[in-house]
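Student: Pasting in a structure now, in structure tokens, and then I'll have a few things to ask.
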Amino acid sequence: MTLLHDSMIKENAIFIADSHFKVADNAFLDFLANIPDNCQIFFMGDIFHFLLGEVDSSICENADLINMISHLSCNHEIFFLEGNHDFYLKKLWSHRIKKYSEKICNEKNIKIFPYYTQPIVMNSYDNHTCILAHGDLWISNFYNLYRRLLYNPFVMSFFRILDKVSFGRVYERVSARINARNIYGFSFFRQDFEDFMKDRIDTYKHFILNPIASSNADLRHRFCIIEGHFHLGMNMSVDNIVYNSLNSCYLDKLYLTLRHGRIEVLNGKE
């Protein structure tokens, strides 16, 4: 968990999750190019369908979107929460963008939050304490171990070396297999929307909300939870908590923003 005391979710901030960008996805690039100027952008994970931010072949494959985000950083404050399809991004814009991008990048405007720093907690302009995460937290003990293992520096070193000695061929094969997978909405897997959202609220209450409510008097006590990963696009209120499970931007190209703790479409923009 990361507490951001010096940052606030501003009015008309844009939330984007699970766009699963692949090569030549011009529709998503156009979607980003039309974001209103000077607003905050929260990339909520799985923005790339497959990006290892310290592997050269992966950076080259995703250069169009890396460039676009670099360009957006000139006029937007960007918060990027890594997902389970895009990780090791901490050094991507600060060290490697100069090699792969011709567009100006204000790296100070891009704040990266790896899996192990999530959720992030910050106040909003409408007086909510907001808990943001990609969404794949507390899935299972095995999954949690797997996700943390991916951030072991020896694992990424192995990926980098393998990419170099294979001249990118291994990465190409892995990427092709991942890109061939279909992307579905939540309803493809289950229909118990309300039970699922109640379970997620209970989980957040146990791990996050109860501890911060008791130990941080300066945090407001109207909570909203915002997460992606599940491709659901629904919300639910329980007592003083609003739970928001974001739409997949791969399935629904919507400009989403925060109003009174709830995620909704920005000024009817679709």
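Going through the structure tokens in order, the chains are called A, B, and so on, while each chain numbers its residues from 1 and the ligands are numbered from 1 in the order shown.
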Would you please extract all strand (DSSP E) residues from stretch 189-226 of chain A, as assigned by DSSP on the backbone, and give them as a PyMOL selection string?
Tutor: chain A and resi 223-226
Student: Keeping only C-alpha atoms, write those residues as a PDB file, in the first residue's frame.
Tutor:
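Contents of the output file result-v9.pdb:
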```pdb
ATOM      1  CA  PHE A 223     -14.198   5.674   0.636  1.00  0.00           C
ATOM      2  CA  CYS A 224     -14.170   4.755  -3.004  1.00  0.00           C
ATOM      3  CA  ILE A 225     -12.372   1.756  -4.459  1.00  0.00           C
ATOM      4  CA  ILE A 226     -11.296   1.872  -8.102  1.00  0.00           C
TER       5      ILE A 226
END
```
Student: A:Asp46: which residues within 8 Å, counting only C-alpha atoms, same-chain residues fewer than 5 positions away excluded, as a list in words?
Tutor: Ala17, Asp18, Ser19, His20, Glu82, Gly83, Asn84, His85, Asp86, His134 and His229 of chain A
Student: Within 10 Å of stretch 242-254 of chain A, counting only C-alpha atoms, which residues qualify if same-chain residues fewer than 6 places away don't, as JSON, numbers by chain?
Tutor: {"A": [14, 15, 16, 17, 18, 19, 20, 21, 25, 27, 28, 31, 32, 44, 46, 47, 49, 128, 130, 131, 132, 134, 135, 183, 184, 185, 186, 197, 198, 200, 201, 204, 222, 223, 224, 225, 226, 227, 228, 229, 230, 231, 232, 233, 234, 235, 236, 260, 261, 262, 263, 264, 265, 266, 268, 269, 270]}
Student: Restricting the calculation to only C-alpha atoms: of A:Lys90, A:Ser237, A:Asp64, A:Asn210, which residue gets closest to A:Glu194?
Tutor: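 Looking only at the distances to A:Glu194, the closest residue turns out to be A:Ser237.
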Student: Skip A:Asn12 itself and residues of its chain fewer than 5 positions away, then list as a PyMOL selection string all residues within 8 Å of it, counting only C-alpha atoms.
Tutor: chain A and resi 39-40+257-258+266
Student: To one decimal place, how far is atom CA of A:His206 from atom CA of A:Phe79 in Å?
Tutor: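 One can read the atom CA of A:His206 to atom CA of A:Phe79 distance as 25.3 Å.
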Student: Rounded to one decimal, what separation in Å do you get between atom CA of A:Ser175 and atom CA of A:Phe158?
Tutor: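 Atom-to-atom, atom CA of A:Ser175 and atom CA of A:Phe158 are spaced 16.5 Å apart.
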